$ cat upload.cif   # mmCIF, C-alpha atoms and all ligand atoms
data_upload
#
loop_
_atom_site.label_atom_id
_atom_site.label_comp_id
_atom_site.auth_asym_id
_atom_site.auth_seq_id
_atom_site.Cartn_x
_atom_site.Cartn_y
_atom_site.Cartn_z
CA MET A 546 0.00 0.00 0.00
CA GLU A 547 1.36 3.26 -1.20
CA LYS A 548 2.06 6.33 0.92
CA THR A 549 0.05 9.15 -0.72
CA THR A 550 0.06 12.92 -0.30
CA VAL A 551 -2.59 15.31 -1.58
CA GLN A 552 -2.85 19.09 -1.54
CA ALA A 553 -6.41 20.47 -1.67
CA GLY A 554 -7.61 24.07 -1.65
CA SER A 555 -10.35 25.41 0.59
CA ASP A 556 -13.20 27.27 -1.09
CA ILE A 557 -15.42 30.27 -0.59
CA ALA A 558 -19.13 29.65 -1.01
CA LEU A 559 -20.79 32.24 -3.24
CA VAL A 560 -24.22 30.71 -2.57
CA LYS A 561 -24.12 29.12 0.86
CA TYR A 562 -25.05 25.68 2.10
CA TRP A 563 -27.11 25.93 5.29
CA GLY A 564 -29.40 23.30 6.77
CA LYS A 565 -29.51 19.61 6.00
CA LYS A 566 -32.06 17.22 4.52
CA ASP A 567 -30.22 14.27 6.03
CA LYS A 568 -27.76 14.69 8.90
CA VAL A 569 -26.05 11.31 8.69
CA LEU A 570 -25.48 11.46 4.94
CA ARG A 571 -24.88 15.24 5.03
CA LEU A 572 -27.44 15.92 2.30
CA PRO A 573 -27.78 19.71 2.20
CA ALA A 574 -31.13 21.54 2.31
CA ASN A 575 -30.12 23.35 -0.89
CA GLY A 576 -27.48 23.31 -3.60
CA SER A 577 -24.49 25.66 -3.34
CA ILE A 578 -21.87 27.31 -5.54
CA SER A 579 -18.28 28.11 -4.63
CA MET A 580 -14.88 28.91 -6.01
CA ILE A 581 -11.85 26.91 -4.98
CA LEU A 582 -8.99 28.99 -3.51
CA ASN A 583 -5.35 28.50 -4.42
CA SER A 584 -3.77 30.15 -1.36
CA LEU A 585 -5.60 28.30 1.44
CA ASN A 586 -4.46 24.70 1.32
CA SER A 587 -4.50 21.49 3.32
CA LEU A 588 -1.68 19.06 2.73
CA THR A 589 -2.32 15.50 3.88
CA THR A 590 -0.19 12.34 3.80
CA VAL A 591 -1.82 8.95 4.41
CA GLU A 592 -0.20 5.54 4.71
CA PHE A 593 -1.95 2.33 5.77
CA GLN A 594 0.52 0.38 7.88
CA SER A 595 -0.03 -3.26 8.87
CA ASN A 596 1.75 -2.81 12.25
CA LEU A 597 -0.71 -0.16 13.57
CA GLU A 598 -3.46 -1.12 16.04
CA LYS A 599 -5.44 2.06 15.49
CA ASP A 600 -5.38 5.12 13.25
CA GLN A 601 -2.73 7.67 14.19
CA ILE A 602 -3.80 11.19 13.28
CA THR A 603 -1.81 14.42 13.53
CA ILE A 604 -3.40 17.67 12.38
CA ASN A 605 -1.28 20.83 12.51
CA GLY A 606 1.24 19.10 14.76
CA GLU A 607 -1.36 18.01 17.34
CA VAL A 608 -1.83 14.28 17.91
CA GLU A 609 -5.01 14.44 19.96
CA ASP A 610 -7.06 16.83 17.90
CA GLY A 611 -10.81 17.19 18.38
CA GLU A 612 -11.19 16.34 14.69
CA ALA A 613 -9.58 12.91 15.10
CA LEU A 614 -12.84 10.97 15.69
CA ARG A 615 -14.38 12.44 12.55
CA VAL A 616 -11.25 11.48 10.59
CA VAL A 617 -11.34 7.91 11.96
CA LYS A 618 -15.02 7.59 10.94
CA HIS A 619 -14.06 8.74 7.46
CA LEU A 620 -11.23 6.22 7.26
CA ASP A 621 -13.79 3.56 8.31
CA ARG A 622 -15.92 4.47 5.25
CA ILE A 623 -12.86 4.06 3.03
CA ARG A 624 -11.92 0.74 4.66
CA SER A 625 -15.51 -0.51 4.08
CA LEU A 626 -15.29 0.37 0.39
CA ALA A 627 -11.91 -1.35 0.10
CA LYS A 628 -13.38 -4.49 1.72
CA GLU A 629 -16.31 -4.48 -0.74
CA LYS A 630 -13.77 -4.41 -3.59
CA ASN A 631 -11.68 -7.16 -1.93
CA LEU A 632 -8.63 -4.89 -1.65
CA ILE A 633 -8.35 -5.73 2.06
CA ASN A 634 -9.90 -8.55 4.09
CA LYS A 635 -9.39 -7.10 7.59
CA ASP A 636 -9.03 -3.63 9.07
CA VAL A 637 -5.74 -1.95 8.35
CA PHE A 638 -5.02 1.30 10.13
CA ALA A 639 -3.56 4.49 8.80
CA LYS A 640 -0.99 7.05 9.78
CA VAL A 641 -2.36 10.47 8.76
CA VAL A 642 -0.44 13.74 8.97
CA SER A 643 -2.13 16.92 7.81
CA GLU A 644 -1.10 20.56 7.77
CA ASN A 645 -3.23 23.59 6.90
CA ASP A 646 -1.40 26.70 5.75
CA PHE A 647 -4.21 28.95 7.07
CA PRO A 648 -6.03 29.27 10.42
CA LYS A 649 -8.26 26.33 11.37
CA SER A 650 -11.77 26.58 12.96
CA THR A 651 -12.11 30.30 12.25
CA GLY A 652 -14.70 30.05 9.48
CA LEU A 653 -12.25 29.54 6.61
CA SER A 654 -13.47 26.02 5.75
CA SER A 655 -10.39 24.08 6.80
CA SER A 656 -12.51 20.97 7.20
CA GLY A 657 -13.49 21.30 3.50
CA SER A 658 -9.93 21.25 2.18
CA GLY A 659 -8.85 18.88 4.99
CA PHE A 660 -11.45 16.23 4.21
CA ALA A 661 -10.98 16.61 0.44
CA ALA A 662 -7.22 15.99 0.82
CA LEU A 663 -7.86 13.14 3.27
CA THR A 664 -10.40 11.47 0.97
CA LEU A 665 -8.19 11.56 -2.13
CA ALA A 666 -5.04 10.52 -0.25
CA ALA A 667 -6.67 7.66 1.70
CA VAL A 668 -8.56 6.32 -1.33
CA LYS A 669 -5.35 6.09 -3.37
CA ALA A 670 -3.29 4.85 -0.43
CA ILE A 671 -5.64 1.90 0.08
CA GLY A 672 -5.65 1.06 -3.64
CA LEU A 673 -9.16 2.22 -4.63
CA ASN A 674 -9.73 3.88 -7.97
CA LEU A 675 -12.75 6.22 -7.83
CA SER A 676 -14.17 8.78 -10.26
CA GLU A 677 -14.36 12.48 -9.30
CA LYS A 678 -18.11 12.03 -8.68
CA GLU A 679 -17.51 9.07 -6.37
CA LEU A 680 -14.78 10.98 -4.53
CA SER A 681 -17.13 13.94 -4.09
CA ILE A 682 -19.91 11.71 -2.67
CA LEU A 683 -17.43 10.11 -0.28
CA ALA A 684 -15.81 13.42 0.80
CA ARG A 685 -19.30 14.89 1.48
CA GLN A 686 -19.90 12.31 4.20
CA GLY A 687 -16.81 13.55 6.09
CA SER A 688 -17.48 17.28 5.63
CA GLY A 689 -20.16 18.91 3.49
CA THR A 690 -17.80 21.53 2.06
CA ALA A 691 -15.26 18.82 1.15
CA CYS A 692 -17.77 17.61 -1.43
CA ARG A 693 -16.93 20.79 -3.41
CA CYS A 694 -13.21 20.87 -2.61
CA VAL A 695 -12.47 17.69 -4.62
CA CYS A 696 -13.22 19.77 -7.76
CA GLY A 697 -11.42 22.79 -9.25
CA GLY A 698 -12.39 26.27 -10.45
CA PHE A 699 -16.04 27.28 -10.00
CA VAL A 700 -18.04 24.46 -8.50
CA GLU A 701 -21.69 23.55 -8.01
CA TRP A 702 -22.82 21.07 -5.36
CA LEU A 703 -26.10 19.47 -6.41
CA ASP A 704 -28.24 18.94 -3.31
CA GLY A 705 -29.81 15.64 -4.45
CA ASN A 706 -32.32 13.50 -2.60
CA THR A 707 -30.09 10.46 -2.20
CA SER A 708 -26.41 10.02 -1.44
CA GLU A 709 -25.66 9.15 -5.08
CA GLU A 710 -27.34 12.36 -6.31
CA SER A 711 -25.54 14.73 -3.94
CA TYR A 712 -22.12 15.59 -5.39
CA SER A 713 -20.22 18.49 -6.91
CA GLN A 714 -19.03 19.30 -10.37
CA SER A 715 -16.98 22.09 -11.83
CA PHE A 716 -18.78 24.38 -14.31
CA ALA A 717 -15.95 26.86 -15.12
CA ARG A 718 -12.16 26.63 -14.94
CA PRO A 719 -9.99 29.06 -12.91
CA GLU A 720 -8.82 30.78 -16.12
CA ASP A 721 -12.39 31.29 -17.34
CA PHE A 722 -13.03 34.11 -14.86
CA VAL A 723 -9.99 35.61 -13.19
CA ILE A 724 -11.00 37.15 -9.88
CA ARG A 725 -9.19 37.62 -6.59
CA ASP A 726 -10.23 36.85 -3.04
CA LEU A 727 -8.51 38.79 -0.26
CA VAL A 728 -9.16 37.05 3.03
CA ALA A 729 -9.02 39.46 5.95
CA VAL A 730 -8.09 37.61 9.13
CA VAL A 731 -9.45 39.64 12.07
CA SER A 732 -8.91 36.91 14.65
CA GLU A 733 -7.52 33.41 14.96
CA ASP A 734 -9.80 32.56 17.92
CA LYS A 735 -11.51 29.20 17.58
CA LYS A 736 -15.12 29.93 16.70
CA ASP A 737 -17.71 29.00 19.33
CA LEU A 738 -20.04 27.18 17.03
CA SER A 739 -19.13 24.25 14.80
CA SER A 740 -20.87 24.38 11.43
CA THR A 741 -22.27 20.90 12.12
CA GLU A 742 -24.14 22.28 15.19
CA GLY A 743 -25.26 25.37 13.30
CA HIS A 744 -26.85 23.43 10.45
CA ASP A 745 -29.19 21.74 12.91
CA LEU A 746 -30.55 25.13 13.96
CA ALA A 747 -31.28 26.43 10.45
CA GLU A 748 -34.98 25.57 10.54
CA THR A 749 -35.51 27.41 13.82
CA SER A 750 -35.16 30.71 11.92
CA LEU A 751 -38.45 32.15 10.66
CA PHE A 752 -36.54 33.36 7.58
CA PHE A 753 -35.26 29.93 6.56
CA ALA A 754 -38.39 28.94 4.58
CA ALA A 755 -38.32 32.28 2.71
CA ARG A 756 -34.67 31.71 1.79
CA GLN A 757 -35.42 28.22 0.50
CA GLU A 758 -38.22 29.52 -1.73
CA LYS A 759 -35.82 31.70 -3.74
CA ILE A 760 -32.62 29.71 -3.59
CA GLN A 761 -33.03 27.83 -6.87
CA GLU A 762 -33.39 31.09 -8.75
CA LYS A 763 -30.27 32.47 -7.06
CA LEU A 764 -28.20 29.40 -7.92
CA LEU A 765 -29.14 29.69 -11.60
CA GLN A 766 -28.38 33.40 -11.66
CA VAL A 767 -24.98 33.09 -9.99
CA LYS A 768 -23.93 30.34 -12.38
CA GLN A 769 -25.02 32.47 -15.32
CA VAL A 770 -23.18 35.64 -14.20
CA ILE A 771 -19.97 33.64 -13.61
CA LEU A 772 -20.20 32.20 -17.12
CA GLN A 773 -20.85 35.73 -18.46
CA LYS A 774 -17.89 37.10 -16.39
CA ASP A 775 -20.15 39.79 -14.97
CA PHE A 776 -18.21 40.73 -11.83
CA THR A 777 -20.45 43.57 -10.64
CA THR A 778 -23.65 41.53 -10.71
CA LEU A 779 -21.85 38.58 -9.12
CA GLY A 780 -20.49 40.80 -6.34
CA GLU A 781 -23.88 42.34 -5.61
CA ILE A 782 -25.59 38.96 -5.36
CA VAL A 783 -22.78 37.38 -3.33
CA GLU A 784 -22.61 40.18 -0.75
CA ALA A 785 -26.41 40.17 -0.31
CA GLU A 786 -26.33 36.37 -0.05
CA ALA A 787 -23.76 36.52 2.76
CA LEU A 788 -25.97 38.94 4.70
CA GLU A 789 -29.07 36.83 4.03
CA PHE A 790 -27.20 33.79 5.32
CA HIS A 791 -26.17 35.63 8.49
CA SER A 792 -29.74 36.83 8.95
CA ILE A 793 -30.71 33.15 9.26
CA LEU A 794 -27.96 32.67 11.86
CA LEU A 795 -28.96 35.79 13.78
CA THR A 796 -32.61 34.70 13.95
CA SER A 797 -32.04 31.05 14.84
CA ARG A 798 -32.94 29.81 18.33
CA PRO A 799 -30.55 30.04 20.09
CA THR A 800 -29.37 33.07 18.11
CA ILE A 801 -25.94 32.91 16.47
CA LEU A 802 -23.87 36.10 16.32
CA LEU A 803 -20.45 35.44 14.80
CA PHE A 804 -19.32 38.91 13.65
CA TYR A 805 -16.46 40.59 15.48
CA PRO A 806 -16.03 44.38 15.44
CA GLY A 807 -13.27 43.79 12.85
CA THR A 808 -15.72 41.92 10.61
CA ILE A 809 -18.02 44.95 10.52
CA GLU A 810 -15.07 47.30 10.06
CA VAL A 811 -14.11 45.40 6.88
CA MET A 812 -17.73 45.39 5.63
CA GLN A 813 -18.00 49.15 6.01
CA ALA A 814 -14.59 49.77 4.42
CA VAL A 815 -15.52 47.63 1.39
CA ARG A 816 -18.65 49.74 0.91
CA GLN A 817 -16.55 52.91 1.14
CA LEU A 818 -14.27 51.55 -1.59
CA ARG A 819 -17.24 50.99 -3.88
CA LYS A 820 -18.25 54.63 -3.37
CA ILE A 821 -14.94 55.67 -4.96
CA GLY A 822 -15.41 53.27 -7.85
CA VAL A 823 -13.43 50.21 -6.69
CA PRO A 824 -15.29 46.98 -7.44
CA ALA A 825 -15.01 45.05 -4.16
CA TYR A 826 -17.62 42.89 -2.44
CA PHE A 827 -17.46 40.91 0.78
CA THR A 828 -18.70 37.50 1.73
CA ILE A 829 -18.40 35.55 4.96
CA ASN A 830 -18.96 31.97 6.12
CA THR A 831 -19.74 30.76 9.63
CA GLY A 832 -17.06 32.78 11.31
CA PHE A 833 -15.66 36.25 11.79
CA ASN A 834 -12.91 36.28 9.15
CA ILE A 835 -14.09 37.88 5.96
CA HIS A 836 -13.44 37.45 2.23
CA VAL A 837 -13.25 40.41 -0.14
CA LEU A 838 -13.68 39.68 -3.84
CA THR A 839 -12.22 41.98 -6.43
CA LEU A 840 -10.73 42.09 -9.94
CA PRO A 841 -6.94 41.66 -10.41
CA GLU A 842 -6.39 45.28 -11.45
CA TYR A 843 -7.85 46.52 -8.14
CA GLU A 844 -6.14 43.97 -5.90
CA GLN A 845 -3.33 46.23 -4.65
CA GLU A 846 -5.73 49.01 -3.77
CA VAL A 847 -8.04 46.67 -1.85
CA LEU A 848 -5.05 45.07 -0.13
CA ARG A 849 -3.69 48.45 1.01
CA MET A 850 -7.08 49.42 2.38
CA LEU A 851 -7.45 46.13 4.31
CA GLN A 852 -3.91 46.35 5.71
CA SER A 853 -4.61 49.87 6.95
CA LEU A 854 -7.52 48.72 9.15
CA PRO A 855 -6.51 48.36 12.83
CA SER A 856 -8.49 45.14 13.30
CA VAL A 857 -7.05 43.26 10.31
CA GLN A 858 -4.22 41.00 11.53
CA LYS A 859 -3.26 39.66 8.14
CA VAL A 860 -4.57 39.35 4.61
CA ILE A 861 -4.31 36.17 2.55
CA SER A 862 -4.50 36.93 -1.13
CA SER A 863 -5.89 34.13 -3.27
CA GLY A 864 -6.84 33.34 -6.82
CA VAL A 865 -9.22 30.67 -8.06
CA GLY A 866 -7.72 27.21 -7.50
CA GLU A 867 -7.37 24.00 -9.46
CA LYS A 868 -8.62 20.63 -8.27
CA PRO A 869 -6.50 18.80 -5.65
CA LYS A 870 -3.04 17.58 -6.63
CA TYR A 871 -1.07 14.44 -5.75
CA LEU A 872 2.43 15.35 -4.56
CA ASP A 873 5.62 13.29 -4.42
CA LYS A 874 6.86 15.03 -1.31
CA HIS A 875 5.37 13.49 1.84
CA LEU A 876 4.84 14.86 5.36
CA PHE A 877 6.46 11.76 6.97
N1 LIG B 1 -10.17 19.90 9.93
C1 LIG B 1 -9.52 21.05 9.81
N2 LIG B 1 -8.37 20.88 9.15
C2 LIG B 1 -8.29 19.57 8.84
C3 LIG B 1 -7.36 18.78 8.14
N3 LIG B 1 -6.26 19.28 7.62
N4 LIG B 1 -7.62 17.46 8.01
C4 LIG B 1 -8.76 16.95 8.54
N5 LIG B 1 -9.67 17.65 9.19
C5 LIG B 1 -9.45 18.94 9.35
#

$ encode --input "upload.cif" --output "structure tokens" --more "lines below"
Ligand code: ADE
Amino acid sequence: MEKTTVQAGSDIALVKYWGKKDKVLRLPANGSISMILNSLNSLTTVEFQSNLEKDQITINGEVEDGEALRVVKHLDRIRSLAKEKNLINKDVFAKVVSENDFPKSTGLSSSGSGFAALTLAAVKAIGLNLSEKELSILARQGSGTACRCVCGGFVEWLDGNTSEESYSQSFARPEDFVIRDLVAVVSEDKKDLSSTEGHDLAETSLFFAARQEKIQEKLLQVKQVILQKDFTTLGEIVEAEALEFHSILLTSRPTILLFYPGTIEVMQAVRQLRKIGVPAYFTINTGFNIHVLTLPEYEQEVLRMLQSLPSVQKVISSGVGEKPKYLDKHLF
């Protein structure tokens, strides 16, 4: 069994996934659209070793990470598939080492890139050969966002009513629409709420049903404006979508308030930039760190503005990323 290393990019959802039709299978309440990011990566090495008595997992240098149980469950899914295909006849355990080059558990979707890298690396390491669709279905069961992060460029996750129908596919390549995402890190605190817990509260918001009524229309429109390379319309929809999404969080029971003062400071500054003619739009996931989308020719101006804000600790500048890559250089 071959030691395998995969690098996968995180993504930023342009139309968000919130709420689930099926918790165990992680079937989302609605489809979603994202772009993969090339500057926020997880790098994961997996090797199945016959001398191990249990999986040995190290994430960002920590052996006993809270994520370990979720990773073991995911490896169990991969072992089950390998047994079905007669690649193994008894459990064989894995050594897994993973590093993220961006802050974890701060709303930057590290579990998306982490579980995408883990899925691809473990599948190959155990000797399975799966299509991109099968990898996406498998990754989804570890982390919803990971279902998108096995693809590259601009990606749509089809909600589906069964496990086989709920997977992602790319609908535009990174070079088809060159835009930049400047991620303003206002804190590296661990967020209070895990996305998994938050999803369960979606339906407690009075606004959730109203969102669901219009979401299909929004998905179609966002896909269309990306294909038309219409940055202004995309930005307007994406910023309003982020605020709509947070209005669901704010009105859930219990209420969920994730913004930090720095988050709001960035929002206001982005709106000031637009007033002077700079095309910049924000979006934000379940966290306080905030993404600012712009066009390449305005990147330096947006960067300077973000770096001048007292609450911005650092800015990660990213383009649209390719699908995950297999690397020859391993972490152990
Ligand atoms: N959650 C956050 N980062 C992760 C990683 N690199 N691998 C698995 N799970 C993660």

$ atom_distance --input "upload.cif" --atom1 "atom CA of Asp737 of chain A" --atom2 "atom CA of Gln686 of chain A"
22.6 Å

$ residues_near_ligand --input "upload.cif" --ligand "ligand LIG 1 (chain B)" --cutoff "6 Å" --atoms "all atoms listed in the file" --output "ChimeraX atom specification"
/A:587,604,612,643-645,649,655-656,659-660

$ residues_around --input "upload.cif" --residues "Lys630 of chain A" --least-positions-apart "5" --cutoff "10 Å" --atoms "only C-alpha atoms" --output "ChimeraX atom specification"
/A:624-625,672-673

$ closest_residue --input "upload.cif" --among "A:Val641, A:Leu597, A:Ala661, A:Val668" --to "Ile623 of chain A" --atoms "all atoms listed in the file"
A:Val668

$ closest_atom_pairs --input "upload.cif" --of "segment 793-876 of chain A" --to "segment 751-757 of chain A" --cutoff "9 Å" --atoms "all atoms listed in the file" --output "CSV"
residue,atom,partner,partner_atom,distance
A:Ile793,CA,A:Phe752,CA,6.1
A:Thr796,CA,A:Leu751,CA,7.2
A:Ser797,CA,A:Leu751,CA,7.7

$ atom_distance --input "upload.cif" --atom1 "atom CA of Asn596 of chain A" --atom2 "atom CA of Ser688 of chain A"
28.6 Å

$ residues_near_point --input "upload.cif" --point "(-5.7, 42.8, 14.4)" --cutoff "9 Å" --atoms "all atoms listed in the file" --output "PyMOL selection string"
chain A and resi 730-732+807+854-859

$ residues_around --input "upload.cif" --residues "Pro841 of chain A" --least-positions-apart "6" --cutoff "9 Å" --atoms "all atoms listed in the file" --output "PyMOL selection string"
chain A and resi 723-725

$ write_last_selection --input "upload.cif" --atoms "C-alpha atoms" --output "PDB file, in the frame of the given file"
ATOM      1  CA  VAL A 723      -9.990  35.610 -13.190  1.00  0.00           C
ATOM      2  CA  ILE A 724     -11.000  37.150  -9.880  1.00  0.00           C
ATOM      3  CA  ARG A 725      -9.190  37.620  -6.590  1.00  0.00           C
TER       4      ARG A 725
END

$ closest_residue --input "upload.cif" --among "A:Ser711, A:Thr690, A:Thr550, A:Gln845" --to "Lys640 of chain A" --atoms "all atoms listed in the file"
A:Thr550

$ atom_distance --input "upload.cif" --atom1 "atom CA of Lys568 of chain A" --atom2 "atom CA of Phe647 of chain A"
27.6 Å

$ residues_around --input "upload.cif" --residues "Met546 of chain A" --least-positions-apart "3" --cutoff "8 Å" --atoms "all atoms listed in the file" --output "list in words"
Glu592, Phe593, Gln594, Ala670, Ile671 and Gly672 of chain A

$ decode --input "upload.cif" --residues "segment 606-693 of chain A" --atoms "C-alpha atoms" --output "mmCIF file, in the first residue's frame"
data_model
loop_
_atom_site.group_PDB
_atom_site.id
_atom_site.type_symbol
_atom_site.label_atom_id
_atom_site.label_comp_id
_atom_site.auth_asym_id
_atom_site.auth_seq_id
_atom_site.Cartn_x
_atom_site.Cartn_y
_atom_site.Cartn_z
ATOM 1 C CA GLY A 606 1.238 19.100 14.760
ATOM 2 C CA GLU A 607 -1.355 18.007 17.340
ATOM 3 C CA VAL A 608 -1.830 14.281 17.907
ATOM 4 C CA GLU A 609 -5.011 14.439 19.957
ATOM 5 C CA ASP A 610 -7.059 16.833 17.903
ATOM 6 C CA GLY A 611 -10.808 17.190 18.379
ATOM 7 C CA GLU A 612 -11.190 16.344 14.695
ATOM 8 C CA ALA A 613 -9.579 12.907 15.104
ATOM 9 C CA LEU A 614 -12.836 10.973 15.693
ATOM 10 C CA ARG A 615 -14.380 12.436 12.545
ATOM 11 C CA VAL A 616 -11.252 11.482 10.591
ATOM 12 C CA VAL A 617 -11.338 7.908 11.957
ATOM 13 C CA LYS A 618 -15.021 7.590 10.938
ATOM 14 C CA HIS A 619 -14.062 8.739 7.465
ATOM 15 C CA LEU A 620 -11.229 6.218 7.256
ATOM 16 C CA ASP A 621 -13.793 3.562 8.310
ATOM 17 C CA ARG A 622 -15.918 4.470 5.251
ATOM 18 C CA ILE A 623 -12.864 4.057 3.026
ATOM 19 C CA ARG A 624 -11.922 0.739 4.658
ATOM 20 C CA SER A 625 -15.508 -0.514 4.078
ATOM 21 C CA LEU A 626 -15.287 0.374 0.387
ATOM 22 C CA ALA A 627 -11.905 -1.348 0.105
ATOM 23 C CA LYS A 628 -13.382 -4.486 1.724
ATOM 24 C CA GLU A 629 -16.306 -4.476 -0.743
ATOM 25 C CA LYS A 630 -13.772 -4.410 -3.590
ATOM 26 C CA ASN A 631 -11.678 -7.163 -1.929
ATOM 27 C CA LEU A 632 -8.634 -4.892 -1.647
ATOM 28 C CA ILE A 633 -8.350 -5.729 2.055
ATOM 29 C CA ASN A 634 -9.902 -8.552 4.087
ATOM 30 C CA LYS A 635 -9.392 -7.105 7.590
ATOM 31 C CA ASP A 636 -9.033 -3.627 9.067
ATOM 32 C CA VAL A 637 -5.744 -1.954 8.347
ATOM 33 C CA PHE A 638 -5.020 1.300 10.131
ATOM 34 C CA ALA A 639 -3.562 4.492 8.796
ATOM 35 C CA LYS A 640 -0.992 7.051 9.778
ATOM 36 C CA VAL A 641 -2.360 10.472 8.756
ATOM 37 C CA VAL A 642 -0.444 13.741 8.974
ATOM 38 C CA SER A 643 -2.129 16.925 7.808
ATOM 39 C CA GLU A 644 -1.104 20.565 7.772
ATOM 40 C CA ASN A 645 -3.233 23.594 6.901
ATOM 41 C CA ASP A 646 -1.405 26.701 5.748
ATOM 42 C CA PHE A 647 -4.212 28.945 7.066
ATOM 43 C CA PRO A 648 -6.030 29.273 10.420
ATOM 44 C CA LYS A 649 -8.262 26.332 11.366
ATOM 45 C CA SER A 650 -11.766 26.584 12.955
ATOM 46 C CA THR A 651 -12.110 30.298 12.254
ATOM 47 C CA GLY A 652 -14.698 30.054 9.477
ATOM 48 C CA LEU A 653 -12.249 29.542 6.609
ATOM 49 C CA SER A 654 -13.474 26.019 5.753
ATOM 50 C CA SER A 655 -10.387 24.081 6.800
ATOM 51 C CA SER A 656 -12.507 20.966 7.200
ATOM 52 C CA GLY A 657 -13.495 21.299 3.500
ATOM 53 C CA SER A 658 -9.929 21.247 2.181
ATOM 54 C CA GLY A 659 -8.847 18.879 4.990
ATOM 55 C CA PHE A 660 -11.454 16.226 4.206
ATOM 56 C CA ALA A 661 -10.982 16.606 0.440
ATOM 57 C CA ALA A 662 -7.221 15.989 0.821
ATOM 58 C CA LEU A 663 -7.859 13.136 3.269
ATOM 59 C CA THR A 664 -10.396 11.467 0.971
ATOM 60 C CA LEU A 665 -8.188 11.556 -2.126
ATOM 61 C CA ALA A 666 -5.043 10.523 -0.247
ATOM 62 C CA ALA A 667 -6.672 7.663 1.705
ATOM 63 C CA VAL A 668 -8.560 6.323 -1.333
ATOM 64 C CA LYS A 669 -5.354 6.093 -3.372
ATOM 65 C CA ALA A 670 -3.286 4.846 -0.434
ATOM 66 C CA ILE A 671 -5.639 1.896 0.078
ATOM 67 C CA GLY A 672 -5.653 1.063 -3.643
ATOM 68 C CA LEU A 673 -9.156 2.221 -4.626
ATOM 69 C CA ASN A 674 -9.731 3.880 -7.968
ATOM 70 C CA LEU A 675 -12.752 6.221 -7.829
ATOM 71 C CA SER A 676 -14.171 8.781 -10.261
ATOM 72 C CA GLU A 677 -14.365 12.476 -9.299
ATOM 73 C CA LYS A 678 -18.108 12.032 -8.682
ATOM 74 C CA GLU A 679 -17.510 9.067 -6.367
ATOM 75 C CA LEU A 680 -14.784 10.983 -4.529
ATOM 76 C CA SER A 681 -17.132 13.936 -4.088
ATOM 77 C CA ILE A 682 -19.909 11.705 -2.669
ATOM 78 C CA LEU A 683 -17.435 10.112 -0.276
ATOM 79 C CA ALA A 684 -15.810 13.416 0.799
ATOM 80 C CA ARG A 685 -19.298 14.890 1.482
ATOM 81 C CA GLN A 686 -19.896 12.307 4.202
ATOM 82 C CA GLY A 687 -16.813 13.551 6.092
ATOM 83 C CA SER A 688 -17.480 17.277 5.634
ATOM 84 C CA GLY A 689 -20.155 18.910 3.486
ATOM 85 C CA THR A 690 -17.798 21.527 2.062
ATOM 86 C CA ALA A 691 -15.259 18.819 1.152
ATOM 87 C CA CYS A 692 -17.770 17.611 -1.428
ATOM 88 C CA ARG A 693 -16.933 20.794 -3.415
#
